[in-house]
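K.L.:
Below you'll find the structure I mean.
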Amino acid sequence: MRALVTGWASFLHGEATAGDVASLHRVAARLATNGIDHDIVLSPAFAPGATHFDDAEPNDYTHVIFCCGPAYGWQVEELHHRYSRCTRIAVGVSVIDPESTATKGFHTLLPRDGPSLRASPDLAAGLDPRGTPVVGAVLAPAQPEYGDRTRHYETHEILQRWLAELDAARIPLDTRLARSDWRLCSTPEAFAALVERTDVVVTTRLHGLVVALSAGVPALAVDPISSGGKVTAQARAQDWPAVIGADELSKTELDRWWRWCRSDDGACRAAAARRSAGTDSSLLDALARHLHAAALE
């Protein structure tokens, strides 16, 4: 017996959702526990280096298992046609039309829901996110005030490619506030609350760095200005070491400071930064002195 584990995340024109892929992995884990040889098919659009349908010859398998999503549509029908000699099983699927060719093409149907069917818990239930870091990414817009020292395009191209390969839950964060757009925070405190729930903040914005350290979250800061701009200056002001200049930016440097931000040392330094946040009143004191002097004139 050798099984091919498939689903909507397997199709070139399908969609790899968290639930779909989790279902594939859960079925594969159960097959492994039972000692059944198997392969998982993933779309080349999602996982270029994985096993694709072109790699999975029908004669190499006795069973095809289709997981999650609707048992419906032309792509499922093509699956039946390609693997017509295999025993085909659908598990954890939604039955939209029991009489459709896609549904009736399965030898065994183990649905999660459908007309007149008792609903079963989805296969994706039970995911354990522990151990997966959450990283908030705060990227700066172009800053033309720095003239030809700006390196935003080059910096963000390297940074975004690195983030895409990072084994973490990546969340884009925007410091812009709005009261009419639900996708943006409406207060600085709401933005800080988001930042506080991350494990690391990767940022090219000064306030991404400031808010992260104020929340006790390690910040991997990248200064998009050649020779250093306000991000580098603020890191220096807060005695924060994890800052990379635009001229030194590389995957090696990003990996090095990522490991440090995830280390006990990084966490301790961030906690210390949180304790001292807002305690330096030198700028406010200078303002008060200036205003006091102006009032006496």
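Here's how to read the names in the structure tokens: chain A, B, ... by the order shown, residue numbers from 1 in each chain, ligand numbers from 1 in the order shown.
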What's the 9 Å shell around A:Gln143, counting only C-alpha atoms, without same-chain residues fewer than 3 positions away, as a list in words?
P.N.:
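The contact residues come out as Ala140, Tyr146, Gly147, Thr150, His152 and Ile225 of chain A.
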K.L.:
As number ranges by chain, list the residues of stretch 65-202 of chain A assigned to strand (DSSP E or B) by DSSP on the backbone atoms of this structure.
P.N.:
A: 65-67, 70, 87-91, 94, 108-110, 113, 134-138, 150, 169-172, 177, 185, 200-202
K.L.:
Using only C-alpha atoms, find the one residue out of A:Leu12, A:Asn34, A:Asp20, A:Arg2 that sits nearest to A:Asp54.
P.N.:
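Selected residue with least distance to A:Asp54: A:Leu12.
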K.L.:
Find the residues around A:Glu196 up to 7 Å (only C-alpha atoms counted), leave out those fewer than 2 positions away in its own chain, and share them as a PyMOL selection string.
P.N.:
chain A and resi 192-194+198+215+217
K.L.:
From stretch 97-281 of chain A, collect each residue whose DSSP state is alpha helix (DSSP H) and return the set as a PyMOL selection string.
P.N.:
chain A and resi 101-104+152-165+188-196+206-214+230-237+251-261+264-276
K.L.:
Residues near A:Trp260, anyone? I mean within 12 Å using only C-alpha atoms, not counting same-chain ones fewer than 4 positions away, as a list of chain:residue names.
P.N.:
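In the requested format, the answer is A:Val200, A:Pro218, A:Ala219, A:Leu220, A:Trp240, A:Pro241, A:Ala242, A:Val243, A:Glu253, A:Leu254, A:Asp255, A:Arg256, A:Asp264, A:Asp265, A:Gly266, A:Ala267, A:Cys268, A:Arg269, A:Ala270.
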K.L.:
Go ahead and save the picked residues with C-alpha atoms, as a compact mmCIF listing (two decimals), in the first residue's frame.
P.N.:
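The resulting file, selection22.txt, is reproduced below:
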```txt
# COMPACT_ATOMS: atom_id res chain seq x y z
CA VAL A 200 10.34 40.33 17.61
CA PRO A 218 13.39 42.97 20.83
CA ALA A 219 13.68 45.01 17.65
CA LEU A 220 15.81 44.11 14.67
CA TRP A 240 20.27 49.18 21.46
CA PRO A 241 22.78 47.05 19.50
CA ALA A 242 20.53 45.26 16.97
CA VAL A 243 20.69 47.80 14.16
CA GLU A 253 23.70 40.06 9.24
CA LEU A 254 19.93 39.61 9.40
CA ASP A 255 20.33 36.00 10.54
CA ARG A 256 22.90 36.99 13.17
CA ASP A 264 17.99 35.39 26.42
CA ASP A 265 20.40 38.30 26.08
CA GLY A 266 18.15 40.02 23.56
CA ALA A 267 15.09 39.48 25.73
CA CYS A 268 16.88 40.87 28.81
CA ARG A 269 18.08 43.95 26.93
CA ALA A 270 14.56 44.58 25.62
```
